[in-house]
Structures are given as structure tokens and as C-alpha cells.
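Heads up, run.txt below (compact mmCIF, C-alpha atoms):
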```
# COMPACT_ATOMS: atom_id res chain seq x y z
CA MET A 1 36.21 -46.79 -41.63
CA SER A 2 37.65 -46.45 -38.16
CA THR A 3 35.58 -47.57 -35.17
CA SER A 4 38.03 -46.59 -32.46
CA GLY A 5 36.84 -45.71 -28.96
CA ASP A 6 37.19 -42.00 -29.52
CA GLY A 7 34.13 -42.20 -31.76
CA LYS A 8 35.56 -39.91 -34.37
CA GLY A 9 34.87 -42.42 -37.09
CA ALA A 10 31.48 -43.62 -35.88
CA PRO A 11 28.59 -43.42 -38.38
CA GLY A 12 27.12 -39.91 -38.56
CA GLY A 13 29.97 -38.57 -36.47
CA LYS A 14 28.38 -39.78 -33.21
CA ALA A 15 30.35 -41.26 -30.33
CA LYS A 16 29.29 -44.47 -28.68
CA GLY A 17 26.93 -44.11 -25.70
CA ARG A 18 24.97 -40.96 -24.72
CA HIS A 19 26.55 -38.07 -26.56
CA PHE A 20 25.18 -34.91 -28.14
CA GLU A 21 26.74 -33.84 -31.38
CA ARG A 22 27.25 -30.15 -30.57
CA ARG A 23 27.03 -29.38 -34.26
CA LEU A 24 26.70 -25.62 -33.93
CA LYS A 25 29.54 -23.19 -33.46
CA ALA A 26 29.31 -19.79 -31.79
CA SER A 27 30.48 -18.12 -35.00
CA MET A 28 27.48 -19.57 -36.86
CA ILE A 29 24.79 -18.10 -34.59
CA LYS A 30 24.57 -14.63 -36.13
CA LYS A 31 24.96 -15.92 -39.70
CA ALA A 32 22.39 -18.75 -39.58
CA PRO A 33 19.57 -18.35 -42.13
CA PRO A 34 15.88 -18.52 -41.13
CA GLY A 35 14.80 -21.98 -40.02
CA ARG A 36 15.55 -24.53 -37.32
CA HIS A 37 19.19 -25.63 -36.86
CA THR A 38 19.98 -28.58 -34.62
CA ASP A 39 22.84 -28.73 -32.15
CA GLY A 40 21.93 -32.30 -31.19
CA GLY A 41 20.07 -33.87 -28.31
CA GLY A 42 16.90 -31.91 -29.04
CA LEU A 43 18.55 -28.47 -28.78
CA TYR A 44 17.74 -26.18 -31.70
CA LEU A 45 18.65 -22.69 -32.83
CA VAL A 46 15.45 -21.19 -34.25
CA VAL A 47 15.85 -18.21 -36.59
CA ASP A 48 12.75 -16.23 -37.59
CA PRO A 49 12.36 -14.58 -41.01
CA SER A 50 12.88 -11.26 -39.23
CA GLY A 51 16.33 -12.38 -38.14
CA ALA A 52 15.41 -12.77 -34.45
CA SER A 53 16.78 -16.01 -33.03
CA ARG A 54 16.21 -18.12 -29.92
CA TRP A 55 16.98 -21.45 -28.33
CA LEU A 56 14.47 -24.33 -28.27
CA LEU A 57 14.81 -27.67 -26.48
CA ARG A 58 12.57 -30.59 -27.51
CA ILE A 59 12.65 -33.56 -25.11
CA THR A 60 10.32 -36.19 -23.69
CA VAL A 61 8.99 -35.41 -20.19
CA GLN A 62 6.92 -37.98 -18.31
CA GLY A 63 6.05 -39.77 -21.55
CA ARG A 64 5.12 -36.62 -23.48
CA ARG A 65 7.14 -34.65 -26.00
CA ARG A 66 7.60 -31.11 -24.73
CA ASP A 67 9.18 -27.93 -26.12
CA PHE A 68 11.03 -25.55 -23.81
CA GLY A 69 12.19 -22.07 -24.77
CA LEU A 70 15.64 -21.35 -23.34
CA GLY A 71 15.84 -17.68 -24.27
CA SER A 72 16.99 -15.32 -27.00
CA THR A 73 20.46 -15.72 -28.47
CA SER A 74 21.07 -12.06 -27.67
CA VAL A 75 20.90 -12.98 -23.98
CA VAL A 76 21.74 -16.68 -23.81
CA SER A 77 25.03 -17.89 -25.34
CA LEU A 78 25.47 -21.24 -27.09
CA GLU A 79 27.39 -22.65 -24.12
CA THR A 80 24.75 -21.47 -21.63
CA ALA A 81 21.98 -22.97 -23.79
CA ARG A 82 23.83 -26.31 -23.81
CA GLN A 83 24.26 -26.24 -20.03
CA LYS A 84 20.57 -25.45 -19.52
CA ALA A 85 19.61 -28.20 -21.99
CA ASP A 86 21.75 -30.69 -20.02
CA GLU A 87 19.98 -29.67 -16.76
CA PHE A 88 16.55 -30.15 -18.32
CA ARG A 89 17.48 -33.53 -19.78
CA LYS A 90 18.70 -34.75 -16.38
CA MET A 91 15.48 -33.58 -14.71
CA ALA A 92 13.39 -35.33 -17.37
CA ARG A 93 15.38 -38.56 -17.06
CA GLY A 94 14.74 -38.49 -13.31
CA GLY A 95 11.00 -38.24 -13.87
CA GLY A 96 10.72 -34.56 -12.99
CA ASP A 97 9.20 -31.64 -14.87
CA PRO A 98 11.85 -29.00 -15.71
CA ILE A 99 9.35 -26.15 -15.69
CA GLU A 100 7.91 -27.06 -12.27
CA GLN A 101 11.36 -27.52 -10.78
CA THR A 102 12.60 -24.27 -12.27
CA GLU A 103 9.61 -22.36 -10.85
CA THR A 104 10.10 -23.98 -7.45
CA SER A 105 13.76 -23.04 -7.48
CA ALA A 106 12.93 -19.45 -8.39
CA LYS A 107 10.42 -19.28 -5.55
CA LEU A 108 12.83 -20.75 -3.03
CA PHE A 109 15.55 -18.26 -3.74
CA ILE A 110 13.59 -15.02 -3.74
CA THR A 111 15.12 -12.67 -1.20
CA PHE A 112 13.28 -10.76 1.50
CA ASP A 113 13.95 -7.43 -0.24
CA GLU A 114 12.53 -8.75 -3.52
CA LEU A 115 9.42 -10.14 -1.85
CA ALA A 116 8.85 -7.02 0.29
CA GLU A 117 8.85 -4.86 -2.86
CA ARG A 118 6.40 -7.26 -4.53
CA VAL A 119 4.04 -7.21 -1.52
CA HIS A 120 4.24 -3.41 -1.45
CA GLN A 121 3.20 -3.22 -5.11
CA GLU A 122 0.50 -5.91 -5.04
CA TRP A 123 -1.01 -5.63 -1.55
CA ILE A 124 -0.21 -2.26 0.00
CA ILE A 125 -0.37 0.37 -2.75
CA PRO A 126 -3.76 -0.75 -4.21
CA LYS A 127 -5.43 -0.85 -0.79
CA SER A 128 -4.39 2.53 0.59
CA SER A 129 -5.33 6.07 -0.34
CA ASN A 130 -2.76 7.50 2.06
CA GLY A 131 0.43 8.12 0.08
CA LYS A 132 2.43 8.88 3.20
CA HIS A 133 1.46 5.54 4.77
CA VAL A 134 2.29 3.69 1.54
CA ASP A 135 5.80 5.16 1.51
CA GLN A 136 6.35 4.60 5.22
CA TRP A 137 5.30 0.96 4.91
CA ILE A 138 8.19 0.01 2.62
CA ASN A 139 10.67 2.51 4.05
CA THR A 140 10.50 1.02 7.55
CA LEU A 141 11.37 -2.39 6.10
CA ARG A 142 14.20 -0.95 4.03
CA THR A 143 15.61 0.82 7.10
CA TYR A 144 15.31 -1.88 9.76
CA ALA A 145 14.80 -5.29 8.10
CA SER A 146 16.89 -5.04 4.92
CA PRO A 147 20.31 -4.65 6.60
CA VAL A 148 19.76 -7.96 8.42
CA ILE A 149 17.68 -10.16 6.09
CA GLY A 150 17.34 -8.19 2.85
CA LYS A 151 19.57 -10.47 0.76
CA LYS A 152 18.57 -13.68 2.52
CA PRO A 153 16.21 -16.17 0.79
CA VAL A 154 12.77 -15.94 2.38
CA HIS A 155 12.57 -19.68 3.12
CA LEU A 156 15.81 -19.53 5.18
CA ILE A 157 14.85 -16.64 7.48
CA SER A 158 14.45 -17.71 11.13
CA ARG A 159 12.89 -16.40 14.33
CA ALA A 160 16.42 -15.53 15.44
CA ASP A 161 16.77 -13.22 12.45
CA ILE A 162 13.53 -11.46 13.37
CA PHE A 163 14.71 -11.09 16.97
CA THR A 164 17.98 -9.57 15.74
CA ILE A 165 15.99 -6.91 13.89
CA LEU A 166 13.50 -6.05 16.61
CA ASN A 167 15.46 -6.37 19.85
CA PRO A 168 17.67 -3.25 19.43
CA ILE A 169 14.68 -0.96 18.82
CA TRP A 170 12.06 -2.62 21.03
CA LYS A 171 12.66 -0.30 23.98
CA ALA A 172 13.98 2.89 22.36
CA LYS A 173 11.54 2.93 19.42
CA HIS A 174 8.76 0.64 20.53
CA GLU A 175 6.08 1.90 18.15
CA THR A 176 8.49 1.66 15.23
CA ALA A 177 9.44 -1.88 16.30
CA ARG A 178 5.77 -2.83 16.48
CA ARG A 179 5.19 -1.55 12.95
CA VAL A 180 8.29 -3.28 11.58
CA ARG A 181 7.11 -6.56 13.12
CA GLN A 182 3.61 -6.17 11.71
CA ARG A 183 4.91 -5.32 8.23
CA MET A 184 7.41 -8.17 8.18
CA GLY A 185 4.53 -10.42 9.19
CA VAL A 186 2.57 -9.31 6.13
CA VAL A 187 5.51 -10.17 3.85
CA PHE A 188 5.77 -13.67 5.33
CA ASP A 189 1.98 -14.12 5.11
CA TYR A 190 2.33 -13.45 1.37
CA ALA A 191 5.19 -15.97 1.22
CA LEU A 192 2.99 -18.61 2.84
CA GLU A 193 0.01 -17.87 0.57
CA THR A 194 2.20 -18.24 -2.54
CA GLU A 195 4.12 -21.25 -1.13
CA ILE A 196 7.44 -19.41 -1.37
CA ARG A 197 7.70 -20.43 2.27
CA THR A 198 5.97 -23.47 3.79
CA ASP A 199 7.19 -23.72 7.38
CA GLY A 200 5.26 -20.97 9.13
CA ASN A 201 5.58 -17.25 9.75
CA PRO A 202 8.85 -16.59 11.64
CA VAL A 203 7.52 -13.26 12.94
CA ALA A 204 4.70 -14.86 14.94
CA ASP A 205 5.06 -14.31 18.69
CA VAL A 206 8.60 -12.86 18.52
CA LEU A 207 8.84 -10.54 21.56
CA LYS A 208 5.08 -10.93 22.01
CA ASN A 209 5.38 -11.44 25.76
CA ARG A 210 8.02 -8.79 26.37
CA ARG A 211 6.32 -5.74 27.77
CA ASN A 212 6.80 -2.28 26.34
CA GLU A 213 9.59 -0.73 28.39
CA ALA A 214 9.69 2.48 26.40
CA PRO A 215 8.73 5.74 28.09
CA LYS A 216 5.08 6.59 27.62
CA VAL A 217 4.44 8.62 24.50
CA GLN A 218 3.13 12.09 25.26
CA HIS A 219 0.30 12.62 22.79
CA PHE A 220 -0.80 16.08 21.73
CA LYS A 221 -3.96 17.03 23.50
CA ALA A 222 -7.18 17.81 21.68
CA ALA A 223 -9.02 21.06 22.30
CA ASP A 224 -12.31 20.78 24.14
CA TRP A 225 -15.29 21.98 22.15
CA LEU A 226 -15.33 25.45 23.72
CA GLU A 227 -11.68 26.02 22.81
CA ALA A 228 -12.37 24.65 19.31
CA ALA A 229 -15.12 27.27 18.93
CA SER A 230 -12.70 29.96 20.08
CA ILE A 231 -10.07 28.82 17.57
CA PHE A 232 -12.66 28.78 14.79
CA ASP A 233 -13.67 32.34 15.69
CA GLU A 234 -10.03 33.43 15.65
CA PHE A 235 -9.18 32.02 12.22
CA LYS A 236 -12.43 32.31 10.25
CA ALA A 237 -11.77 35.92 9.29
CA LYS A 238 -8.27 35.27 7.94
CA GLU A 239 -7.78 35.30 4.18
CA GLU A 240 -5.04 32.72 3.65
CA VAL A 241 -6.04 29.33 2.26
CA GLY A 242 -4.53 27.42 5.20
CA ALA A 243 -6.74 29.24 7.72
CA LEU A 244 -9.88 28.69 5.61
CA ALA A 245 -9.04 24.99 5.19
CA LEU A 246 -8.51 24.67 8.94
CA CYS A 247 -11.88 26.26 9.71
CA PHE A 248 -13.64 24.09 7.11
CA THR A 249 -12.05 21.01 8.69
CA ILE A 250 -13.32 22.06 12.10
CA ALA A 251 -16.80 22.88 10.78
CA THR A 252 -17.26 19.56 8.96
CA ALA A 253 -15.42 17.32 11.49
CA VAL A 254 -13.85 15.53 8.51
CA ARG A 255 -10.29 14.24 8.38
CA SER A 256 -7.87 16.83 7.03
CA GLY A 257 -6.77 14.56 4.15
CA ALA A 258 -10.23 14.64 2.60
CA VAL A 259 -10.33 18.43 2.97
CA ARG A 260 -6.98 18.82 1.24
CA LYS A 261 -8.18 16.61 -1.66
CA ALA A 262 -11.62 18.23 -1.93
CA ARG A 263 -12.67 19.59 -5.33
CA TRP A 264 -15.50 21.89 -6.32
CA ASN A 265 -17.31 19.20 -8.31
CA GLU A 266 -17.83 17.30 -5.03
CA ILE A 267 -20.03 20.10 -3.67
CA ASP A 268 -23.78 19.94 -4.33
CA GLU A 269 -24.68 23.61 -3.99
CA CYS A 270 -28.40 22.91 -4.32
CA LYS A 271 -28.59 20.42 -1.47
CA PHE A 272 -25.71 21.88 0.58
CA VAL A 273 -23.90 18.56 0.63
CA TRP A 274 -20.26 17.60 0.19
CA ASP A 275 -20.06 14.18 -1.51
CA ILE A 276 -16.62 12.77 -0.71
CA PRO A 277 -15.52 10.01 -3.13
CA GLU A 278 -14.44 6.68 -1.67
CA GLY A 279 -10.82 7.20 -2.70
CA HIS A 280 -10.56 10.18 -0.34
CA MET A 281 -11.94 8.36 2.70
CA LYS A 282 -10.00 6.27 5.20
CA THR A 283 -12.89 3.78 5.21
CA ARG A 284 -12.66 3.46 1.38
CA GLU A 285 -16.40 4.19 1.20
CA ALA A 286 -18.04 7.31 -0.26
CA PHE A 287 -19.43 9.66 2.38
CA SER A 288 -21.87 12.60 2.24
CA VAL A 289 -21.33 15.51 4.61
CA PRO A 290 -24.23 17.88 5.29
CA LEU A 291 -22.87 21.42 5.11
CA SER A 292 -23.88 23.82 7.86
CA ILE A 293 -24.34 27.50 7.18
CA GLN A 294 -20.87 28.14 8.59
CA ALA A 295 -19.32 25.59 6.21
CA GLN A 296 -21.18 27.15 3.27
CA LEU A 297 -19.87 30.62 4.19
CA LEU A 298 -16.32 29.28 4.23
CA LEU A 299 -16.82 27.81 0.76
CA GLU A 300 -18.07 31.17 -0.51
CA ARG A 301 -14.86 32.79 0.70
CA ALA A 302 -12.75 29.98 -0.82
CA GLU A 303 -14.19 30.66 -4.29
CA LYS A 304 -11.43 33.23 -4.86
CA PHE A 305 -9.03 30.27 -5.20
CA LYS A 306 -11.25 28.52 -7.77
CA THR A 307 -9.75 28.03 -11.23
CA GLY A 308 -12.33 25.64 -12.71
CA PRO A 309 -15.39 23.49 -11.95
CA ASP A 310 -13.26 20.58 -10.76
CA SER A 311 -10.32 22.48 -9.28
CA LEU A 312 -9.15 22.02 -5.71
CA ILE A 313 -11.11 23.97 -3.12
CA PHE A 314 -8.06 24.59 -0.94
CA PRO A 315 -5.05 24.51 -3.29
CA SER A 316 -1.42 25.07 -2.47
CA PRO A 317 -0.65 28.82 -2.41
CA ALA A 318 2.47 28.24 -4.50
CA ARG A 319 0.97 25.72 -6.96
CA PRO A 320 -2.82 26.03 -7.50
CA ASP A 321 -2.84 22.68 -9.31
CA LYS A 322 -1.36 20.92 -6.26
CA MET A 323 -2.95 19.98 -2.95
CA LEU A 324 -2.33 21.98 0.17
CA SER A 325 0.59 20.52 2.12
CA GLU A 326 -0.39 18.27 5.03
CA ASN A 327 1.64 20.54 7.32
CA THR A 328 0.00 23.81 6.31
CA MET A 329 -3.05 23.59 8.58
CA ARG A 330 -0.95 22.30 11.46
CA LYS A 331 1.44 25.24 11.17
CA VAL A 332 -1.46 27.71 11.03
CA LEU A 333 -2.97 26.15 14.15
CA GLN A 334 0.23 26.03 16.14
CA THR A 335 1.05 29.68 15.57
CA SER A 336 -1.40 30.42 18.37
CA ARG A 337 -2.14 26.96 19.87
CA PRO A 338 1.13 25.00 20.11
CA GLY A 339 0.57 21.38 21.06
CA LEU A 340 -2.82 20.97 19.36
CA THR A 341 -3.42 18.83 16.29
CA VAL A 342 -5.87 19.33 13.44
CA HIS A 343 -7.14 15.77 13.83
CA GLY A 344 -8.04 16.57 17.44
CA PHE A 345 -10.98 18.71 16.33
CA ARG A 346 -12.89 15.52 15.53
CA THR A 347 -12.65 14.77 19.24
CA SER A 348 -13.84 18.30 19.99
CA PHE A 349 -16.89 17.73 17.80
CA ARG A 350 -17.62 14.37 19.43
CA GLN A 351 -17.39 15.93 22.90
CA PHE A 352 -19.82 18.67 21.85
CA ALA A 353 -22.26 16.15 20.41
CA GLU A 354 -22.09 14.05 23.58
CA GLU A 355 -22.41 16.89 26.08
CA GLN A 356 -24.63 19.38 24.30
CA THR A 357 -27.08 17.32 22.23
CA LYS A 358 -29.50 14.43 22.64
CA PHE A 359 -28.74 12.65 19.39
CA SER A 360 -28.20 8.90 19.42
CA ARG A 361 -24.76 7.35 19.50
CA GLU A 362 -25.30 6.14 15.92
CA VAL A 363 -25.88 9.68 14.64
CA LYS A 364 -22.79 10.97 16.45
CA GLU A 365 -20.57 8.16 15.15
CA TYR A 366 -21.92 8.30 11.59
CA SER A 367 -21.18 12.04 11.58
CA LEU A 368 -17.50 11.07 11.94
CA ALA A 369 -17.82 8.34 9.26
CA HIS A 370 -17.26 5.68 11.91
CA ASP A 371 -18.70 2.19 11.52
CA VAL A 372 -21.35 1.42 14.12
CA GLY A 373 -22.10 -2.12 15.26
CA SER A 374 -21.00 -5.46 13.85
CA LYS A 375 -20.88 -6.28 10.14
CA VAL A 376 -24.20 -8.08 10.47
CA GLU A 377 -25.82 -5.08 12.15
CA ARG A 378 -24.50 -2.75 9.47
CA ALA A 379 -25.81 -5.05 6.74
CA TYR A 380 -29.35 -4.68 8.08
CA ASN A 381 -29.00 -0.98 8.88
CA ARG A 382 -28.58 0.70 5.50
CA GLY A 383 -29.46 4.22 6.69
CA ASP A 384 -26.83 6.87 7.28
CA TYR A 385 -29.00 9.15 9.48
CA PHE A 386 -28.49 12.01 7.03
CA GLU A 387 -31.35 14.21 8.25
CA ALA A 388 -30.31 13.85 11.88
CA ARG A 389 -26.69 14.47 10.95
CA SER A 390 -27.73 17.64 9.16
CA GLU A 391 -29.36 18.92 12.33
CA LEU A 392 -26.32 17.98 14.41
CA MET A 393 -23.87 19.69 12.03
CA GLU A 394 -26.01 22.83 12.03
CA LEU A 395 -25.88 22.93 15.85
CA TRP A 396 -22.10 22.46 15.70
CA GLY A 397 -21.80 25.30 13.18
CA LYS A 398 -23.90 27.53 15.41
CA ALA A 399 -21.68 26.72 18.41
CA LEU A 400 -18.58 27.60 16.39
CA ALA A 401 -20.08 30.84 15.09
CA GLU A 402 -21.05 31.96 18.57
CA ALA A 403 -17.60 31.09 19.92
CA GLY A 404 -19.00 28.54 22.34
CA VAL A 405 -22.01 30.48 23.59
CA LEU A 406 -24.75 27.86 23.25
CA PRO A 407 -27.25 26.84 25.91
CA PRO A 408 -27.47 23.07 26.70
CA GLN A 409 -30.11 21.20 24.67
```
For this file, produce the structure as C-alpha cells.
Amino acid sequence: MSTSGDGKGAPGGKAKGRHFERRLKASMIKKAPPGRHTDGGGLYLVVDPSGASRWLLRITVQGRRRDFGLGSTSVVSLETARQKADEFRKMARGGGDPIEQTETSAKLFITFDELAERVHQEWIIPKSSNGKHVDQWINTLRTYASPVIGKKPVHLISRADIFTILNPIWKAKHETARRVRQRMGVVFDYALETEIRTDGNPVADVLKNRRNEAPKVQHFKAADWLEAASIFDEFKAKEEVGALALCFTIATAVRSGAVRKARWNEIDECKFVWDIPEGHMKTREAFSVPLSIQAQLLLERAEKFKTGPDSLIFPSPARPDKMLSENTMRKVLQTSRPGLTVHGFRTSFRQFAEEQTKFSREVKEYSLAHDVGSKVERAYNRGDYFEARSELMELWGKALAEAGVLPPQ
């Protein structure tokens, strides 16, 4: 029998030195019967009784025999399986763990776009009840960050890259630039927590000391409480759902989002209370609103839109099963008061409470669902001043009903 250097005549068909037989042929893969078929060097084709087949590599890693799945034959070809098996063998011979090194490699080469989408799904969406904010969060990154660093591995992104993104918009769109910086910072915080990146957050301090050179933003003004009462008087008699929702928002001093989401099963008609679920509150905590007589009268008029015990109180005129658009109340308001915002009526209420009543600061702030005091103080103060808030909301309702004619308390 020949023993020439080409190894063709070696016992068992093996060549001298380290060599893997490569017994399988691509044409055999689909025809192989159930069982385990060796290709040599610990690489096996495993065929299940169902006909499904996959690649398996059995090698010794750090003194222990380990099995590694290399994927289905429908996805991974014979040649690719052999290449992957060679990589794993080399890692094992060098004392490494193929799985750990593969995971590390996958982490290292995740791009900014991929990680931003992951952070959006895992951190942002579950923690926010504001759908508009959730969409804006990822859209700002797609618009401003992605063109520069979207396809770049997270661990290779530098402070210079961040500067390239922020510098063009820092003056012209300062608030947008601030949000982009904050949101990129969140993505890199995630990268540090998961060890995808280990050398610090590249966003930190970029442009921190450069002052805002953008022109001052002109904010819409809020109505004072007397004008708020006049607006309430003007719209309370109107029949359209947008006008009723606007008046209910003014009367309760609640954020418009909670009003738009409000359902009839949240109203306790016996106690005259609106119990807002935590998912509808910015604070993510349930909140009870005492309903003044004026608020109750508005609800009575809104019953004509009711389609069931848990239907929306202020539904969309076009689609009763859908919420009122966030722009509806604003458009109603600005037909006669251009420049005012719906949110501004919370300021109107707070001004009234400050100037026309003697209630404590805590009662006034709790009426707006604001936290009062430090976390420690709040832990010891479990009360929500409901009785006092009921009195305050009744005074506010009276002021609105009388179009601002209320003597000082």
C-alpha cells in the first residue's frame, strides 16, 4: 500500500499531520438518512427523523468536551459549516471559548442604528405613555444621527463624530440639538451597561460649554385666570365634542392627554370623582380628580356621545371608537384666542389658586398632580389632600361659571 506524501494511501484515507477528512459531499446533504453523519474533525451532519437537518461541532474546549450548533443546513452550506468549524477549532486550540468570543464579536460590531432601535424598544417604549414622544425619540436619531454614525460600530464612535452631528444644528435648532444629544447619550449609556462599549460615553460634555446662540424661543402665552373663565363661558354652550373637551380640561386642570383618553368607566358618579389610571398620567401614577359641579354638567352634556359603559367620553367626531385628535382642542381654542395653548389653562388654574384662595402650596400642587417635596418627604406624607382639593376645584368651577366674577377669599 502506498505511503507517499500526498497521503492518498494512508490508513483510513487520512493524510499525515492535522487533516480533516471532509467525508461529506454537498450532493449528499439532502439525501442523508436520519442519524449523525461525520465530516471529520468533530463536524457532524445531524438529520432528525422529521427530515430536518443541522450542523453540529464536537470539540474539546479548555479541557471539556463541548457541542456547538452551527446552524440549519437550509441556511448554512457545507463549505460555510467547515469554515466555521475551523474557526472554532483554532479558538479552542488557543485556549479560548468560541461561544464567548463569538458573542463578544457580535457585541463589538453592532451599529449605532441597530443599538438605537434596541434601546427604543427596551427602554423608551415601555416607560412612556406618550405615543408622540415615543415616535419623536427614535425619529430625531434617524434624522440627525443616522446619516453620520448609523452604520458605524458603536465601539468605534468618537467625540468628533458626535460634534459632527450636533455642530450644524446647535445654533439654528438648539432645542433639537439638545434632544439629539440627550438621546444619543441614552444609547451610549445602554452600550456601557451591556459592555458593547467600554471606553466611556462619547456624548458627555460635547458642546457643553458652548452657549445657546439661537434666538430666544417665543412661547405661547397662557391666559390669566379671568380670561380662562371668559373662554370657558364662551365655549361651554357649544355642542361639538372639541368644545366640551376643552371646557372639561379647563374645569379639571388636567393635562389634555388624559382628557382625550378618558372613558366613562373611570367616572365614579356616586362620589363625583374621576379616577385616572396610571397609564394615562405623565407621572405614571393613578390620580383621582374631584369633579366640581361645572365638570359634572359637562359630563352630562357629553353623554350624547356615549356608546357603552367603557366608551370614550370625548371621542373623535369621525370615528367614535378613536380618541379625539390632539389638535382638535387647540384648533377650537385658537378660532377665537390665537396664540393660547390648552396646556396653559393649568397655569391659569394655578394663578387662581394662588391669588384667590388660602389653600396650602401642597393642596395647589397636588391638584395639578405635581410631586411636592423630596422623595423622603413624599414617603412619609401619604395623603393626597382630597377633601381640600375638592373644595378648591369647586371654587375654580364657580369662578369659571361666573365668568371671573368672584370676590377674593
- Give me the residues within 12 Å of stretch 345-356 of chain A as a ChimeraX atom specification, counting all atoms listed in the file and dropping any in the same chain fewer than 3 places off. /A:220-232,246-256,330,333,340-342,359-370,388-389,391-400,404-409
- Message: Report as a PyMOL selection string all protein, DNA and RNA residues lying within 7 Å of A:Leu56, evaluated on all atoms listed in the file, omitting residues in the same chain fewer than 6 positions from it.
- Response: chain A and resi 43-46+67-70
Please produce a file of the residues just selected, as an mmCIF file, in the frame of the given file, where the atoms kept are C-alpha atoms.
```
data_model
loop_
_atom_site.group_PDB
_atom_site.id
_atom_site.type_symbol
_atom_site.label_atom_id
_atom_site.label_comp_id
_atom_site.auth_asym_id
_atom_site.auth_seq_id
_atom_site.Cartn_x
_atom_site.Cartn_y
_atom_site.Cartn_z
ATOM 1 C CA LEU A 43 18.550 -28.470 -28.780
ATOM 2 C CA TYR A 44 17.740 -26.180 -31.700
ATOM 3 C CA LEU A 45 18.650 -22.690 -32.830
ATOM 4 C CA VAL A 46 15.450 -21.190 -34.250
ATOM 5 C CA ASP A 67 9.180 -27.930 -26.120
ATOM 6 C CA PHE A 68 11.030 -25.550 -23.810
ATOM 7 C CA GLY A 69 12.190 -22.070 -24.770
ATOM 8 C CA LEU A 70 15.640 -21.350 -23.340
#
```
- Item | Nearest to A:Gly200 by atom-to-atom distance, counting only C-alpha atoms, from A:Val134, A:Ile157, A:Cys270, A:Leu297 |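 Looking only at the distances to A:Gly200, the closest residue turns out to be A:Ile157.
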- For each of A:Ile267, A:Met91, A:Met329, A:Leu192, take the minimum atom-to-atom distance to A:Leu291, counting only C-alpha atoms, then give the residue where this is smallest.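 Checking each of A:Ile267, A:Met91, A:Met329, A:Leu192 against A:Leu291, counting only C-alpha atoms, the winner is A:Ile267.
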- Using only C-alpha atoms, pick whichever of A:Lys236, A:Lys261, A:Lys282, A:Lys25 has the shortest atom-to-atom distance to A:His133. A:Lys282
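Put simply, atom CA of A:Arg181 is 27.6 Å away from atom CA of A:Gly279.
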- Restricting to all atoms listed in the file, whichever of A:Ser311, A:Thr80, A:Asn167, A:Gln296 is closest to A:Leu207 is A:Asn167
- Find the residues near A:Thr143: any atom within 12 Å, counting all atoms listed in the file, skip ones fewer than 4 places away on the same chain, and give them as a list of chain:residue names. A:Asp113, A:Gln136, A:Trp137, A:Ile138, A:Asn139, A:Pro147, A:Val148, A:Ile149, A:Gly150, A:Ile165, A:Leu166, A:Ile169, A:Thr176, A:Ala177, A:Val180
- Task: Could you tell me how far atom CA of A:Arg118 lies from atom CA of A:Arg197, in Å and to one decimal?
- Result: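 Separation between atom CA of A:Arg118 and atom CA of A:Arg197: 14.9 Å.
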- Query: Which of these residues is nearest to A:Phe287, using only C-alpha atoms: A:Lys304, A:Asp233, A:Ile29, A:Asp384?
  - Reply: A:Asp384
